[in-house]
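Below is one structure, written out as structure tokens; comments come after it.
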Amino acid sequence: MSIREIEDLIIKKLEEAFPKFLVQGFPEKPQEFILLHPIGAILVHYRGGSYSNTDALNFISQDKRMEFAVTVVTRNLRSNDGAYEVLEGVKQCLCGYKIIGCSKLTPIKEGFLSEIKGIWQYELSFSLSTPSLEILEEGD
């Protein structure tokens, strides 16, 4: 399964759980993102991956550990629909979510990103594993 397909499935899951929020992939130009939504936004992006060693002699078979970040952008910190409440909701929504062909999503870290003029940003990272297999050509 591709990075985009996994990201799209994570976005869809979050859209279902947070219908009052703007849920989308991270913007192409994050520095230009302005929160126009009255409540907040939940933004998803791929952070990177790592590969396991392979013990196979004639065929490469590895696990690819992929990390996805969910950025929570809210207009308040502690009240309903505030950063704390949404962070916990995102964790509950995605923790254990199983995408076909992948391991369950596992939370790995969360933290404060910024506060600018009452707009709070936190990030929650998740990982999953998927197989990474060599594509054999005729004669291999």
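Ordered as shown in the structure tokens, chains take letters A, B, and onward, while each chain numbers its residues from 1 and ligands are numbered from 1 in the order shown.
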
Determine, counting only C-alpha atoms, which protein, DNA and RNA residues have an atom within 6 Å of an atom of stretch 91-96 of chain A; residues of the same chain fewer than 3 positions away are not included. Present the result as a PyMOL selection string. chain A and resi 88+104-106

Kindly save the residues from that selection, with C-alpha atoms included, as a compact mmCIF listing (two decimals), in the first residue's frame.
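In the end it all went to part23.txt:
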# COMPACT_ATOMS: atom_id res chain seq x y z
CA GLU A 88 -6.95 12.69 23.36
CA LYS A 104 -2.18 -1.49 13.75
CA LEU A 105 -1.42 2.20 14.21
CA THR A 106 0.52 2.77 17.42

Name the residues of stretch 82-131 of chain A that come out as alpha helix (DSSP H) in a backbone DSSP run; write them as a list of chain:residue names.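 Residues meeting the alpha helix (DSSP H) criterion: A:Ala83, A:Tyr84, A:Glu85, A:Val86, A:Leu87, A:Glu88, A:Gly89, A:Val90, A:Lys91, A:Gln92, A:Cys93, A:Leu94.
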
Keeping only C-alpha atoms, write the selected residues to a file as a compact mmCIF listing (two decimals), in the first residue's frame.
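To be explicit, this is the file written out as selection02.txt:
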# COMPACT_ATOMS: atom_id res chain seq x y z
CA ALA A 83 -6.22 21.14 21.91
CA TYR A 84 -6.14 18.82 24.94
CA GLU A 85 -9.54 17.29 24.19
CA VAL A 86 -8.80 16.86 20.48
CA LEU A 87 -5.37 15.30 21.13
CA GLU A 88 -6.95 12.69 23.36
CA GLY A 89 -9.70 12.09 20.80
CA VAL A 90 -7.20 11.62 17.97
CA LYS A 91 -5.22 9.14 20.08
CA GLN A 92 -8.37 7.15 20.90
CA CYS A 93 -9.53 7.25 17.26
CA LEU A 94 -6.30 6.05 15.68

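Atom pair atom CA of A:Tyr122 / atom CA of A:Val73 has a distance of 6.8 Å (rounded to one decimal).
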
Any idea what the distance is between atom CA of A:Val44 and atom CA of A:Asn80? 21.6 Å

Shell around A:Ile11 at 9 Å using only C-alpha atoms, local window under 2 positions removed, as a ChimeraX atom specification: /A:6-9,13-16,23-25,42-44

Take the selection from the previous step and output its residues with N, CA and C atoms, as a PDB file, in the first residue's frame.
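New file part37.pdb:
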ATOM      1  N   ILE A   6      -2.333   5.172   2.468  1.00  0.00           N
ATOM      2  CA  ILE A   6      -2.397   5.078   3.940  1.00  0.00           C
ATOM      3  C   ILE A   6      -2.809   6.414   4.526  1.00  0.00           C
ATOM      4  N   GLU A   7      -2.188   7.493   4.065  1.00  0.00           N
ATOM      5  CA  GLU A   7      -2.542   8.822   4.557  1.00  0.00           C
ATOM      6  C   GLU A   7      -4.023   9.114   4.315  1.00  0.00           C
ATOM      7  N   ASP A   8      -4.524   8.787   3.126  1.00  0.00           N
ATOM      8  CA  ASP A   8      -5.939   9.019   2.809  1.00  0.00           C
ATOM      9  C   ASP A   8      -6.869   8.248   3.744  1.00  0.00           C
ATOM     10  N   LEU A   9      -6.492   7.022   4.100  1.00  0.00           N
ATOM     11  CA  LEU A   9      -7.324   6.232   5.015  1.00  0.00           C
ATOM     12  C   LEU A   9      -7.308   6.809   6.431  1.00  0.00           C
ATOM     13  N   LYS A  13     -10.654   8.252   8.378  1.00  0.00           N
ATOM     14  CA  LYS A  13     -11.002   7.821   9.745  1.00  0.00           C
ATOM     15  C   LYS A  13     -11.190   9.031  10.658  1.00  0.00           C
ATOM     16  N   LEU A  14     -10.304  10.018  10.544  1.00  0.00           N
ATOM     17  CA  LEU A  14     -10.409  11.222  11.370  1.00  0.00           C
ATOM     18  C   LEU A  14     -11.608  12.089  10.971  1.00  0.00           C
ATOM     19  N   GLU A  15     -11.916  12.154   9.682  1.00  0.00           N
ATOM     20  CA  GLU A  15     -13.097  12.910   9.230  1.00  0.00           C
ATOM     21  C   GLU A  15     -14.365  12.356   9.857  1.00  0.00           C
ATOM     22  N   GLU A  16     -14.454  11.027   9.933  1.00  0.00           N
ATOM     23  CA  GLU A  16     -15.627  10.385  10.531  1.00  0.00           C
ATOM     24  C   GLU A  16     -15.729  10.693  12.024  1.00  0.00           C
ATOM     25  N   VAL A  23     -10.474  18.439   8.294  1.00  0.00           N
ATOM     26  CA  VAL A  23      -9.512  17.339   8.329  1.00  0.00           C
ATOM     27  C   VAL A  23      -8.970  17.173   6.922  1.00  0.00           C
ATOM     28  N   GLN A  24      -7.654  17.240   6.780  1.00  0.00           N
ATOM     29  CA  GLN A  24      -7.046  17.150   5.456  1.00  0.00           C
ATOM     30  C   GLN A  24      -5.572  16.788   5.588  1.00  0.00           C
ATOM     31  N   GLY A  25      -4.960  16.524   4.441  1.00  0.00           N
ATOM     32  CA  GLY A  25      -3.524  16.333   4.407  1.00  0.00           C
ATOM     33  C   GLY A  25      -2.828  17.644   4.726  1.00  0.00           C
ATOM     34  N   ILE A  42      -7.350  19.408  11.676  1.00  0.00           N
ATOM     35  CA  ILE A  42      -6.548  18.227  11.953  1.00  0.00           C
ATOM     36  C   ILE A  42      -5.847  17.901  10.637  1.00  0.00           C
ATOM     37  N   LEU A  43      -4.519  17.965  10.653  1.00  0.00           N
ATOM     38  CA  LEU A  43      -3.719  17.833   9.440  1.00  0.00           C
ATOM     39  C   LEU A  43      -2.831  16.598   9.545  1.00  0.00           C
ATOM     40  N   VAL A  44      -2.761  15.812   8.490  1.00  0.00           N
ATOM     41  CA  VAL A  44      -2.034  14.542   8.496  1.00  0.00           C
ATOM     42  C   VAL A  44      -0.911  14.579   7.469  1.00  0.00           C
TER      43      VAL A  44
END

Just want the 10 Å neighbourhood of A:Tyr51, counted on only C-alpha atoms, with same-chain residues fewer than 2 positions away dropped. Output as a list in words. Gly49, Asn53, Thr54, Ser61, Gln62, Asp63, Lys64, Arg65, Met66, Ser129, Thr130, Pro131 and Ser132 of chain A

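Rounded to one decimal, atom CA of A:Glu115 and atom CA of A:Leu77 lie 9.6 Å from each other.
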
I need the strand (DSSP E) residues of stretch 35-104 of chain A per DSSP on the backbone, written as a list in words.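 The strand (DSSP E) subset of stretch 35-104 of chain A is Gly40, Ala41, Ile42, Leu43, Val44, His45, Tyr46, Arg47, Gly48, Gly49, Ser50, Tyr51, Ser61, Gln62, Asp63, Lys64, Arg65, Met66, Glu67, Phe68, Ala69, Val70, Thr71, Val72, Val73 and Thr74 of chain A.
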
May I have the residues within 7 Å of A:Phe68 as a short mmCIF file (atom, residue, chain, number, x, y, z; two decimals) with C-alpha atoms, in the first residue's frame, using only C-alpha atoms and disregarding those fewer than 2 positions away in the same chain?
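Resulting contents of result.cif:
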data_model
loop_
_atom_site.label_atom_id
_atom_site.label_comp_id
_atom_site.auth_asym_id
_atom_site.auth_seq_id
_atom_site.Cartn_x
_atom_site.Cartn_y
_atom_site.Cartn_z
CA HIS A 45 1.34 13.92 6.89
CA TYR A 46 3.95 11.23 6.41
CA ARG A 47 7.11 11.87 8.45
CA MET A 66 6.24 4.20 8.70
CA VAL A 70 -1.29 14.37 13.02
CA SER A 125 2.84 10.76 15.86
CA PHE A 126 1.81 7.21 15.01
CA SER A 127 3.68 4.31 13.48
#

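You can rank A:Ile119, A:Ile100, A:Ala17, A:Leu113 by their closest distance to A:Ile39 using only C-alpha atoms, and at the top of that list sits A:Ile119.
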
Would you mind listing what lies within 10 Å of A:His37 as a ChimeraX atom specification, with only C-alpha atoms counted and same-chain residues fewer than 2 positions away left out? /A:20-22,34-35,39-41,73-75

Store the residues picked out above in a file with N, CA and C atoms, as a PDB file, in the first residue's frame.
ATOM      1  N   LYS A  20     -16.868  18.105  12.919  1.00  0.00           N
ATOM      2  CA  LYS A  20     -16.919  19.562  13.083  1.00  0.00           C
ATOM      3  C   LYS A  20     -15.607  20.238  12.711  1.00  0.00           C
ATOM      4  N   PHE A  21     -14.565  19.462  12.447  1.00  0.00           N
ATOM      5  CA  PHE A  21     -13.239  20.006  12.149  1.00  0.00           C
ATOM      6  C   PHE A  21     -12.911  19.916  10.663  1.00  0.00           C
ATOM      7  N   LEU A  22     -11.992  20.762  10.223  1.00  0.00           N
ATOM      8  CA  LEU A  22     -11.380  20.622   8.919  1.00  0.00           C
ATOM      9  C   LEU A  22     -10.335  19.512   9.059  1.00  0.00           C
ATOM     10  N   ILE A  34      -3.293  29.244   7.036  1.00  0.00           N
ATOM     11  CA  ILE A  34      -3.998  30.124   7.967  1.00  0.00           C
ATOM     12  C   ILE A  34      -5.269  29.412   8.381  1.00  0.00           C
ATOM     13  N   LEU A  35      -5.482  29.297   9.676  1.00  0.00           N
ATOM     14  CA  LEU A  35      -6.687  28.637  10.171  1.00  0.00           C
ATOM     15  C   LEU A  35      -7.887  29.548   9.963  1.00  0.00           C
ATOM     16  N   ILE A  39     -13.516  26.327  14.252  1.00  0.00           N
ATOM     17  CA  ILE A  39     -13.165  25.499  15.415  1.00  0.00           C
ATOM     18  C   ILE A  39     -11.700  25.085  15.380  1.00  0.00           C
ATOM     19  N   GLY A  40     -11.304  24.437  14.292  1.00  0.00           N
ATOM     20  CA  GLY A  40      -9.923  23.977  14.213  1.00  0.00           C
ATOM     21  C   GLY A  40      -9.699  23.043  13.046  1.00  0.00           C
ATOM     22  N   ALA A  41      -8.472  22.566  12.948  1.00  0.00           N
ATOM     23  CA  ALA A  41      -8.086  21.684  11.857  1.00  0.00           C
ATOM     24  C   ALA A  41      -7.269  20.518  12.395  1.00  0.00           C
ATOM     25  N   VAL A  73      -4.748  21.734  15.269  1.00  0.00           N
ATOM     26  CA  VAL A  73      -4.719  23.193  15.303  1.00  0.00           C
ATOM     27  C   VAL A  73      -6.066  23.660  15.852  1.00  0.00           C
ATOM     28  N   THR A  74      -6.043  24.340  17.010  1.00  0.00           N
ATOM     29  CA  THR A  74      -7.305  24.764  17.629  1.00  0.00           C
ATOM     30  C   THR A  74      -7.235  26.222  18.065  1.00  0.00           C
ATOM     31  N   ARG A  75      -8.418  26.765  18.325  1.00  0.00           N
ATOM     32  CA  ARG A  75      -8.516  28.154  18.771  1.00  0.00           C
ATOM     33  C   ARG A  75      -8.516  28.281  20.292  1.00  0.00           C
TER      34      ARG A  75
END
